[in-house]
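What follows is the content of coords_19.cif, which has mmCIF, C-alpha atoms:
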data_structure
#
loop_
_atom_site.group_PDB
_atom_site.id
_atom_site.type_symbol
_atom_site.label_atom_id
_atom_site.label_comp_id
_atom_site.auth_asym_id
_atom_site.auth_seq_id
_atom_site.Cartn_x
_atom_site.Cartn_y
_atom_site.Cartn_z
ATOM 1 C CA MET A 1 74.350 150.282 29.418
ATOM 2 C CA LYS A 2 73.238 147.985 26.605
ATOM 3 C CA LYS A 3 73.315 145.030 29.002
ATOM 4 C CA PHE A 4 71.162 146.988 31.480
ATOM 5 C CA LEU A 5 68.586 147.858 28.798
ATOM 6 C CA LEU A 6 68.548 144.262 27.565
ATOM 7 C CA LEU A 7 68.075 142.924 31.099
ATOM 8 C CA SER A 8 65.280 145.430 31.810
ATOM 9 C CA THR A 9 63.493 144.509 28.581
ATOM 10 C CA LEU A 10 63.805 140.796 29.390
ATOM 11 C CA ILE A 11 62.343 141.309 32.873
ATOM 12 C CA LEU A 12 59.394 143.244 31.420
ATOM 13 C CA VAL A 13 58.727 140.552 28.827
ATOM 14 C CA ILE A 14 58.945 137.749 31.385
ATOM 15 C CA GLY A 15 56.677 139.697 33.744
ATOM 16 C CA ALA A 16 54.141 140.262 30.993
ATOM 17 C CA CYS A 17 54.198 136.604 29.978
ATOM 18 C CA THR A 18 53.829 135.477 33.580
ATOM 19 C CA GLN A 19 50.956 137.888 34.206
ATOM 20 C CA ASN A 20 49.042 136.699 31.137
ATOM 21 C CA LYS A 21 49.758 132.993 31.563
ATOM 22 C CA THR A 22 46.670 130.869 30.946
ATOM 23 C CA ALA A 23 45.686 127.706 32.748
ATOM 24 C CA GLY A 24 42.678 125.538 33.412
ATOM 25 C CA GLU A 25 39.655 125.247 31.155
ATOM 26 C CA TYR A 26 35.953 126.099 31.265
ATOM 27 C CA LEU A 27 34.023 122.904 30.539
ATOM 28 C CA GLY A 28 30.458 124.213 30.884
ATOM 29 C CA GLU A 29 28.065 124.805 28.031
ATOM 30 C CA GLY A 30 27.963 127.969 25.950
ATOM 31 C CA GLU A 31 30.361 130.129 23.996
ATOM 32 C CA ASP A 32 33.033 129.996 26.710
ATOM 33 C CA ASN A 33 33.394 126.212 26.491
ATOM 34 C CA GLY A 34 37.053 125.255 26.134
ATOM 35 C CA LYS A 35 38.413 128.704 26.991
ATOM 36 C CA LYS A 36 41.332 129.130 29.391
ATOM 37 C CA TYR A 37 41.528 131.133 32.611
ATOM 38 C CA ILE A 38 43.886 133.959 33.541
ATOM 39 C CA LEU A 39 44.469 135.719 36.846
ATOM 40 C CA GLY A 40 42.259 138.700 37.587
ATOM 41 C CA ASP A 41 43.394 141.857 39.342
ATOM 42 C CA ASP A 42 43.397 143.175 42.892
ATOM 43 C CA ALA A 43 40.502 145.576 42.304
ATOM 44 C CA ALA A 44 38.118 142.607 42.330
ATOM 45 C CA VAL A 45 39.888 141.235 45.405
ATOM 46 C CA ASN A 46 39.417 144.530 47.248
ATOM 47 C CA THR A 47 35.713 144.488 46.396
ATOM 48 C CA VAL A 48 35.319 141.119 48.102
ATOM 49 C CA LYS A 49 37.434 142.222 51.075
ATOM 50 C CA ASN A 50 35.102 145.189 51.573
ATOM 51 C CA VAL A 51 32.056 142.934 51.330
ATOM 52 C CA ALA A 52 33.531 140.668 54.032
ATOM 53 C CA LYS A 53 34.402 143.668 56.226
ATOM 54 C CA HIS A 54 30.929 145.209 56.193
ATOM 55 C CA TYR A 55 29.211 141.816 56.343
ATOM 56 C CA SER A 56 31.081 141.091 59.571
ATOM 57 C CA ALA A 57 30.049 144.515 60.889
ATOM 58 C CA LYS A 58 26.398 143.750 59.974
ATOM 59 C CA ASP A 59 26.343 146.984 57.974
ATOM 60 C CA VAL A 60 24.112 145.992 55.092
ATOM 61 C CA ASP A 61 23.997 149.479 53.553
ATOM 62 C CA GLU A 62 27.786 149.784 53.313
ATOM 63 C CA MET A 63 28.087 146.200 52.126
ATOM 64 C CA PHE A 64 25.697 146.702 49.217
ATOM 65 C CA LYS A 65 27.716 149.637 47.909
ATOM 66 C CA TYR A 66 29.942 146.897 46.495
ATOM 67 C CA TYR A 67 27.092 145.031 44.765
ATOM 68 C CA SER A 68 25.545 145.757 41.376
ATOM 69 C CA LYS A 69 22.181 147.502 41.172
ATOM 70 C CA GLU A 70 20.414 144.387 39.871
ATOM 71 C CA PHE A 71 21.877 142.153 42.574
ATOM 72 C CA THR A 72 20.970 144.708 45.257
ATOM 73 C CA GLU A 73 17.354 144.922 44.131
ATOM 74 C CA LYS A 74 16.958 141.155 44.387
ATOM 75 C CA ASN A 75 18.926 140.459 47.556
ATOM 76 C CA TYR A 76 19.035 143.528 49.819
ATOM 77 C CA GLU A 77 15.985 142.710 51.957
ATOM 78 C CA ASN A 78 16.930 139.052 52.503
ATOM 79 C CA ASN A 79 20.472 140.013 53.491
ATOM 80 C CA LYS A 80 19.184 142.688 55.872
ATOM 81 C CA LYS A 81 16.836 140.168 57.485
ATOM 82 C CA TRP A 82 19.693 137.658 57.749
ATOM 83 C CA LEU A 83 22.122 140.075 59.399
ATOM 84 C CA ASP A 84 19.438 141.479 61.697
ATOM 85 C CA SER A 85 18.895 137.948 63.040
ATOM 86 C CA MET A 86 22.510 137.822 64.259
ATOM 87 C CA GLU A 87 23.943 138.933 67.560
ATOM 88 C CA SER A 88 27.318 138.787 65.840
ATOM 89 C CA ILE A 89 28.753 137.327 62.661
ATOM 90 C CA SER A 90 32.323 137.085 61.415
ATOM 91 C CA MET A 91 33.541 136.190 57.924
ATOM 92 C CA GLU A 92 37.326 135.876 57.812
ATOM 93 C CA PRO A 93 38.786 135.042 54.375
ATOM 94 C CA TYR A 94 42.154 133.285 54.413
ATOM 95 C CA VAL A 95 42.499 132.766 50.636
ATOM 96 C CA ILE A 96 41.221 135.050 47.845
ATOM 97 C CA VAL A 97 42.031 134.218 44.219
ATOM 98 C CA PRO A 98 40.667 136.262 41.279
ATOM 99 C CA VAL A 99 40.390 134.443 37.944
ATOM 100 C CA LYS A 100 38.662 135.232 34.677
ATOM 101 C CA ILE A 101 37.982 133.523 31.375
ATOM 102 C CA GLU A 102 40.064 134.954 28.561
ATOM 103 C CA GLY A 103 38.203 137.791 26.864
ATOM 104 C CA SER A 104 35.612 138.139 29.655
ATOM 105 C CA ASP A 105 34.842 141.331 31.572
ATOM 106 C CA GLU A 106 33.797 139.332 34.632
ATOM 107 C CA THR A 107 36.128 138.148 37.376
ATOM 108 C CA LYS A 108 35.398 135.113 39.496
ATOM 109 C CA VAL A 109 36.809 135.732 42.951
ATOM 110 C CA LEU A 110 37.341 132.401 44.707
ATOM 111 C CA THR A 111 37.274 132.855 48.464
ATOM 112 C CA TRP A 112 38.002 130.433 51.294
ATOM 113 C CA SER A 113 36.947 131.656 54.722
ATOM 114 C CA ILE A 114 35.836 130.779 58.221
ATOM 115 C CA GLU A 115 32.482 132.151 59.299
ATOM 116 C CA GLU A 116 31.148 132.213 62.856
ATOM 117 C CA ARG A 117 27.483 132.954 63.447
ATOM 118 C CA ASN A 118 25.845 133.825 66.748
ATOM 119 C CA TRP A 119 22.083 134.199 66.419
ATOM 120 C CA LYS A 120 20.028 136.450 68.659
ATOM 121 C CA ASN A 121 18.014 133.341 69.578
ATOM 122 C CA GLY A 122 21.147 131.777 71.118
ATOM 123 C CA SER A 123 22.122 129.328 68.358
ATOM 124 C CA LYS A 124 25.769 129.170 67.310
ATOM 125 C CA GLN A 125 27.439 127.850 64.162
ATOM 126 C CA LYS A 126 30.934 127.760 62.679
ATOM 127 C CA GLN A 127 31.626 126.889 59.048
ATOM 128 C CA ASN A 128 34.399 126.531 56.520
ATOM 129 C CA LEU A 129 33.180 128.264 53.372
ATOM 130 C CA MET A 130 34.189 128.157 49.736
ATOM 131 C CA GLU A 131 32.527 131.031 47.861
ATOM 132 C CA VAL A 132 32.585 132.414 44.338
ATOM 133 C CA PHE A 133 31.887 136.128 43.904
ATOM 134 C CA THR A 134 31.222 137.257 40.329
ATOM 135 C CA VAL A 135 32.636 140.780 39.988
ATOM 136 C CA ASP A 136 31.680 142.823 36.907
ATOM 137 C CA SER A 137 33.705 145.379 34.919
ATOM 138 C CA ASP A 138 32.667 148.117 37.397
ATOM 139 C CA ASN A 139 34.124 146.053 40.263
ATOM 140 C CA LYS A 140 30.660 145.355 41.664
ATOM 141 C CA VAL A 141 29.505 141.938 42.831
ATOM 142 C CA SER A 142 26.830 140.721 40.409
ATOM 143 C CA GLY A 143 26.579 137.058 41.435
ATOM 144 C CA PHE A 144 27.380 134.742 44.316
ATOM 145 C CA SER A 145 27.625 130.995 45.064
ATOM 146 C CA GLN A 146 28.540 129.224 48.287
ATOM 147 C CA TRP A 147 29.605 125.773 49.531
ATOM 148 C CA SER A 148 30.025 124.977 53.213
ATOM 149 C CA ARG A 149 31.364 122.427 55.688
ATOM 150 C CA ASN A 150 30.239 122.570 59.294
ATOM 151 C CA TYR A 151 32.706 122.100 62.145
ATOM 152 C CA PRO A 152 32.078 118.768 63.968
ATOM 153 C CA THR A 153 31.588 120.654 67.256
ATOM 154 C CA ASN A 154 28.611 122.631 65.895
ATOM 155 C CA GLU A 155 25.361 122.655 67.831
ATOM 156 C CA PHE A 156 23.380 121.884 64.660
ATOM 157 C CA GLY A 157 23.675 121.448 60.908
ATOM 158 C CA LEU A 158 25.877 118.339 60.864
ATOM 159 C CA SER A 159 25.260 115.675 58.230
ATOM 160 C CA VAL A 160 25.163 112.848 60.803
ATOM 161 C CA GLY A 161 24.092 112.698 64.431
ATOM 162 C CA GLY A 162 22.338 110.777 67.155
ATOM 163 C CA LYS A 163 22.937 107.071 67.664
ATOM 164 C CA PHE A 164 21.067 103.881 66.844
ATOM 165 C CA TYR A 165 20.871 101.156 69.522
ATOM 166 C CA GLY A 166 18.098 98.749 68.477
ATOM 167 C CA LYS A 167 16.048 96.440 70.674
ATOM 168 C CA SER A 168 19.042 94.090 70.776
ATOM 169 C CA ASN A 169 22.667 94.425 69.736
ATOM 170 C CA ASN A 170 23.181 94.022 66.005
ATOM 171 C CA GLN A 171 25.522 95.054 63.202
ATOM 172 C CA TRP A 172 24.107 98.589 63.207
ATOM 173 C CA THR A 173 24.233 99.230 66.965
ATOM 174 C CA GLY A 174 26.177 102.405 67.709
ATOM 175 C CA ARG A 175 25.906 103.907 64.224
ATOM 176 C CA SER A 176 24.847 107.483 63.670
ATOM 177 C CA LEU A 177 21.589 108.531 62.028
ATOM 178 C CA VAL A 178 21.145 110.718 58.967
ATOM 179 C CA PHE A 179 18.148 112.429 57.418
ATOM 180 C CA SER A 180 16.575 110.512 54.557
ATOM 181 C CA ASN A 181 15.257 112.304 51.477
ATOM 182 C CA ARG A 182 13.485 109.824 49.211
ATOM 183 C CA GLY A 183 10.090 111.517 49.181
ATOM 184 C CA GLU A 184 8.986 110.321 52.620
ATOM 185 C CA VAL A 185 7.802 113.765 53.752
ATOM 186 C CA GLU A 186 5.689 114.259 50.639
ATOM 187 C CA ALA A 187 4.282 110.722 50.964
ATOM 188 C CA ILE A 188 3.176 111.332 54.568
ATOM 189 C CA GLU A 189 1.642 114.708 53.677
ATOM 190 C CA LYS A 190 -0.285 113.138 50.799
ATOM 191 C CA LEU A 191 -1.409 110.281 53.051
ATOM 192 C CA VAL A 192 -2.716 112.708 55.675
ATOM 193 C CA GLU A 193 -4.541 114.720 52.988
ATOM 194 C CA SER A 194 -6.208 111.585 51.579
ATOM 195 C CA TYR A 195 -6.994 110.252 55.071
ATOM 196 C CA ASN A 196 -8.779 113.452 56.108
ATOM 197 C CA LYS A 197 -10.871 113.269 52.918
ATOM 198 C CA MET A 198 -11.554 109.582 53.702
ATOM 199 C CA ASP A 199 -10.199 108.893 50.225
ATOM 200 C CA VAL A 200 -9.613 105.134 50.166
ATOM 201 C CA GLU A 201 -7.722 105.010 46.874
ATOM 202 C CA GLY A 202 -5.509 107.910 47.919
ATOM 203 C CA CYS A 203 -4.624 106.184 51.182
ATOM 204 C CA LYS A 204 -3.686 102.954 49.414
ATOM 205 C CA THR A 205 -0.934 104.581 47.342
ATOM 206 C CA ALA A 206 1.427 105.096 50.288
ATOM 207 C CA PHE A 207 1.476 101.469 51.416
ATOM 208 C CA ALA A 208 2.999 98.178 50.319
ATOM 209 C CA ASP A 209 0.779 95.156 49.651
ATOM 210 C CA LYS A 210 1.301 93.941 53.207
ATOM 211 C CA VAL A 211 1.883 96.267 56.150
ATOM 212 C CA ASN A 212 2.752 95.037 59.644
ATOM 213 C CA VAL A 213 0.929 97.388 62.017
ATOM 214 C CA GLN A 214 1.390 97.614 65.782
ATOM 215 C CA TYR A 215 -1.474 99.750 67.103
ATOM 216 C CA GLU A 216 -1.398 101.883 70.243
ATOM 217 C CA ASP A 217 -3.625 99.373 72.059
ATOM 218 C CA GLY A 218 -1.145 96.534 71.477
ATOM 219 C CA ARG A 219 -2.888 94.855 68.533
ATOM 220 C CA ASN A 220 -0.717 93.466 65.734
ATOM 221 C CA VAL A 221 -2.356 93.439 62.311
ATOM 222 C CA VAL A 222 -1.150 92.609 58.816
ATOM 223 C CA PHE A 223 -2.899 95.349 56.859
ATOM 224 C CA THR A 224 -3.663 94.745 53.181
ATOM 225 C CA PRO A 225 -5.058 97.137 50.521
ATOM 226 C CA ASN A 226 -8.555 95.582 50.531
ATOM 227 C CA MET A 227 -8.885 96.382 54.251
ATOM 228 C CA TRP A 228 -9.045 100.090 53.344
ATOM 229 C CA GLU A 229 -12.425 99.492 51.664
ATOM 230 C CA GLY A 230 -14.234 99.359 54.970
ATOM 231 C CA TYR A 231 -11.866 101.470 57.044
ATOM 232 C CA PHE A 232 -13.987 104.637 57.189
ATOM 233 C CA LYS A 233 -17.479 103.046 57.284
ATOM 234 C CA ASP A 234 -17.973 103.723 61.018
ATOM 235 C CA TYR A 235 -16.626 107.283 60.924
ATOM 236 C CA ARG A 236 -18.622 110.452 60.415
ATOM 237 C CA SER A 237 -15.381 112.461 60.123
ATOM 238 C CA VAL A 238 -11.643 112.231 60.789
ATOM 239 C CA ASN A 239 -9.109 114.976 61.398
ATOM 240 C CA TRP A 240 -5.421 114.056 61.417
ATOM 241 C CA LYS A 241 -3.246 117.094 62.153
ATOM 242 C CA LEU A 242 0.523 116.862 61.733
ATOM 243 C CA TYR A 243 2.952 118.242 64.307
ATOM 244 C CA SER A 244 6.198 117.041 62.704
ATOM 245 C CA ILE A 245 7.697 114.612 60.170
ATOM 246 C CA VAL A 246 11.265 113.381 60.748
ATOM 247 C CA PRO A 247 12.649 110.949 58.102
ATOM 248 C CA LEU A 248 15.738 109.066 59.295
ATOM 249 C CA LYS A 249 17.977 106.186 58.271
ATOM 250 C CA ILE A 250 20.976 104.475 59.824
ATOM 251 C CA TYR A 251 24.260 105.759 58.409
ATOM 252 C CA ASP A 252 25.915 103.536 55.790
ATOM 253 C CA THR A 253 22.961 101.196 55.228
ATOM 254 C CA ASP A 254 20.544 100.612 52.352
ATOM 255 C CA PRO A 255 17.969 103.349 51.527
ATOM 256 C CA ALA A 256 15.175 101.913 53.714
ATOM 257 C CA SER A 257 14.116 104.528 56.254
ATOM 258 C CA GLY A 258 12.005 105.152 59.335
ATOM 259 C CA VAL A 259 9.856 108.270 59.625
ATOM 260 C CA VAL A 260 8.825 109.611 63.025
ATOM 261 C CA VAL A 261 5.473 111.390 62.762
ATOM 262 C CA THR A 262 4.007 113.294 65.698
ATOM 263 C CA SER A 263 0.395 114.375 65.359
ATOM 264 C CA ARG A 264 -3.078 114.760 66.792
ATOM 265 C CA GLU A 265 -6.020 112.778 65.494
ATOM 266 C CA LYS A 266 -9.736 113.073 66.112
ATOM 267 C CA ARG A 267 -12.276 110.512 64.908
ATOM 268 C CA VAL A 268 -15.997 111.159 65.215
ATOM 269 C CA MET A 269 -18.009 107.941 64.988
ATOM 270 C CA ARG A 270 -21.426 107.654 63.372
ATOM 271 C CA ASN A 271 -22.825 106.684 66.796
ATOM 272 C CA GLY A 272 -21.576 109.987 68.250
ATOM 273 C CA LYS A 273 -18.548 108.677 70.135
ATOM 274 C CA VAL A 274 -15.282 110.594 69.788
ATOM 275 C CA TRP A 275 -11.777 109.113 69.723
ATOM 276 C CA GLU A 276 -9.003 111.702 70.122
ATOM 277 C CA ARG A 277 -5.310 111.158 70.744
ATOM 278 C CA GLU A 278 -1.905 112.735 70.417
ATOM 279 C CA LEU A 279 0.194 110.264 68.476
ATOM 280 C CA VAL A 280 3.799 109.271 67.917
ATOM 281 C CA GLU A 281 4.077 106.907 64.967
ATOM 282 C CA TRP A 282 6.934 105.231 63.111
ATOM 283 C CA PHE A 283 6.348 104.623 59.416
ATOM 284 C CA TYR A 284 8.970 102.334 57.861
ATOM 285 C CA PHE A 285 9.598 102.859 54.143
ATOM 286 C CA ASN A 286 10.994 99.880 52.210
ATOM 287 C CA LEU A 287 13.422 99.936 49.284
ATOM 288 C CA ASP A 288 10.537 100.622 46.898
ATOM 289 C CA GLY A 289 9.558 103.745 48.847
ATOM 290 C CA LYS A 290 6.369 102.186 50.240
ATOM 291 C CA ILE A 291 5.321 101.884 53.888
ATOM 292 C CA ASP A 292 5.554 98.223 54.929
ATOM 293 C CA ARG A 293 5.541 98.605 58.719
ATOM 294 C CA MET A 294 4.011 100.998 61.245
ATOM 295 C CA THR A 295 4.256 101.304 65.036
ATOM 296 C CA GLN A 296 1.914 103.580 66.968
ATOM 297 C CA PHE A 297 1.999 105.149 70.446
ATOM 298 C CA SER A 298 -0.662 107.471 71.841
ATOM 299 C CA ARG A 299 -1.673 109.771 74.668
ATOM 300 C CA LYS A 300 -5.289 110.415 75.592
ATOM 301 C CA ILE A 301 -6.546 113.994 75.512
ATOM 302 C CA LYS A 302 -8.874 115.062 78.299
#
For the file at hand, write its structure as structure tokens.
Amino acid sequence: MKKFLLLSTLILVIGACTQNKTAGEYLGEGEDNGKKYILGDDAAVNTVKNVAKHYSAKDVDEMFKYYSKEFTEKNYENNKKWLDSMESISMEPYVIVPVKIEGSDETKVLTWSIEERNWKNGSKQKQNLMEVFTVDSDNKVSGFSQWSRNYPTNEFGLSVGGKFYGKSNNQWTGRSLVFSNRGEVEAIEKLVESYNKMDVEGCKTAFADKVNVQYEDGRNVVFTPNMWEGYFKDYRSVNWKLYSIVPLKIYDTDPASGVVVTSREKRVMRNGKVWERELVEWFYFNLDGKIDRMTQFSRKIK
């Protein structure tokens, strides 16, 4: 009998020690810096399971029963709009781990899942997701963060795509293209704004000291900053309207990029003549983020 009681007590102690075992460390700023983590409980896990269940059913009202009041007020409408845009959506968690910082009332529920999205517009997407649900002491979700990785068979959203060929075979032939994000979009928008105001100094800022320009009529010109001084003298007005800006670079190369700009431009001369075209233009940004080359193609508008 004594052995049985001793064994039972030992099991309880070991269980308690195992349950409260700490590990890891919070390294962020604030009063929790340096504190350890412990496992949370299944109540927080069940909250996230219910969120996933109703999310997959597109039942936003049931889903938000598991969110805090503050979170609901900020996010209900956007989530409703998101789910209403779907023909079907499926979030299937395959790992759920609740952890909490020692002494905290909040549980961080770490969730790995596969999500498949079928939009009403016909688009389809499949992702691996890593998500963190912050669950408060009332077992309501009060915060949310998400990281994703698209499947390589997705119709869109991949980090690389397309293929570069070049005018002749070179070391980059066959490589994929990626979006560039070194301020090219903002530079083109600012250029268009300055151009439409016929602001010479504003136009100069986007370009390098020498720009190799291939115009739509076949002319090749080395354009320099002083050439802007007389650029607008024959124009009564100009109107350059953007259709799209697509900044690209070849994968695994230096940061230089090429930006495809589609647009429509109308120039009214002082003599009354009108020049109007739809344009496709390549603006090449050098390592300093300045345009040093431009190629232009056009279509006349009747």
Would you compute the distance between atom CA of Ser148 of chain A and atom CA of Gly34 of chain A? Give it in Å to one decimal.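 These two atoms are separated by 28.0 Å.
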Residues of segment 186-214 of chain A within 7 Å of segment 269-290 of chain A: nearest atom pair and distance (Å, one decimal) for each, counting only C-alpha atoms, sorted by chain and number, as CSV?
residue,atom,partner,partner_atom,distance
A:Ala206,CA,A:Lys290,CA,5.7
A:Phe207,CA,A:Lys290,CA,5.1
A:Ala208,CA,A:Lys290,CA,5.2
Arg149 of chain A environment, 9 Å, only C-alpha atoms, sequence neighbours closer than 3 positions dropped, as a ChimeraX atom specification: /A:126-130,158
For the structure provided, state which residues fall under the PyMOL selection byres ((chain A and resi 167-171) around 12), and present them as a compact mmCIF listing (two decimals) with C-alpha atoms, keeping the file's coordinate frame.
# COMPACT_ATOMS: atom_id res chain seq x y z
CA PHE A 164 21.07 103.88 66.84
CA TYR A 165 20.87 101.16 69.52
CA GLY A 166 18.10 98.75 68.48
CA TRP A 172 24.11 98.59 63.21
CA THR A 173 24.23 99.23 66.96
CA GLY A 174 26.18 102.40 67.71
CA ARG A 175 25.91 103.91 64.22
CA ILE A 250 20.98 104.48 59.82
CA TYR A 251 24.26 105.76 58.41
CA ASP A 252 25.92 103.54 55.79
CA THR A 253 22.96 101.20 55.23
Run the PyMOL selection byres ((chain A and resi 40) around 6) mentally over the shown coordinates, then write out the matched residues as a ChimeraX atom specification, using the chain letters and numbers from the document. /A:39,41,98-100
Restricting the output to C-alpha atoms, write the selected residues as a PDB file, in the coordinates of the input.
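Output below, filename part.pdb:
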ATOM      1  CA  LEU A  39      44.469 135.719  36.846  1.00  0.00           C
ATOM      2  CA  ASP A  41      43.394 141.857  39.342  1.00  0.00           C
ATOM      3  CA  PRO A  98      40.667 136.262  41.279  1.00  0.00           C
ATOM      4  CA  VAL A  99      40.390 134.443  37.944  1.00  0.00           C
ATOM      5  CA  LYS A 100      38.662 135.232  34.677  1.00  0.00           C
TER       6      LYS A 100
END
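Applied to the file shown here, the PyMOL selection byres ((chain A and resi 156) around 12) selects Arg117, Ser123, Lys124, Gln125, Lys126, Gln127, Asn150, Tyr151, Pro152, Thr153, Asn154, Glu155, Gly157, Leu158, Ser159, Val160, Gly161 and Gly162 of chain A.
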Report the distance between atom CA of Val268 of chain A and atom CA of Phe232 of chain A in Å, rounded to one decimal place. 10.5 Å
To one decimal place in Å, what is the distance between atom CA of Glu184 of chain A and atom CA of Lys249 of chain A?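 Computing the Euclidean distance for atom CA of Glu184 of chain A and atom CA of Lys249 of chain A yields 11.4 Å.
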Sorted by chain and rising residue number, which residues of segment 118-218 of chain A lie within 7 Å of segment 71-85 of chain A, and what are their closest atom pairs and distances in Å to one decimal, counting only C-alpha atoms, as a tab-separated table?
residue	atom	partner	partner_atom	distance
A:Trp119	CA	A:Ser85	CA	6.0
A:Lys120	CA	A:Ser85	CA	5.9
A:Ser142	CA	A:Phe71	CA	5.6
Can you tell me, as a list in words, what residues are no more than 7 Å from Trp240 of chain A when counting only C-alpha atoms, ignoring any on the same chain fewer than 5 positions away?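 Answer for this query is Val192, Asn196, Arg264, Glu265 and Lys266 of chain A.
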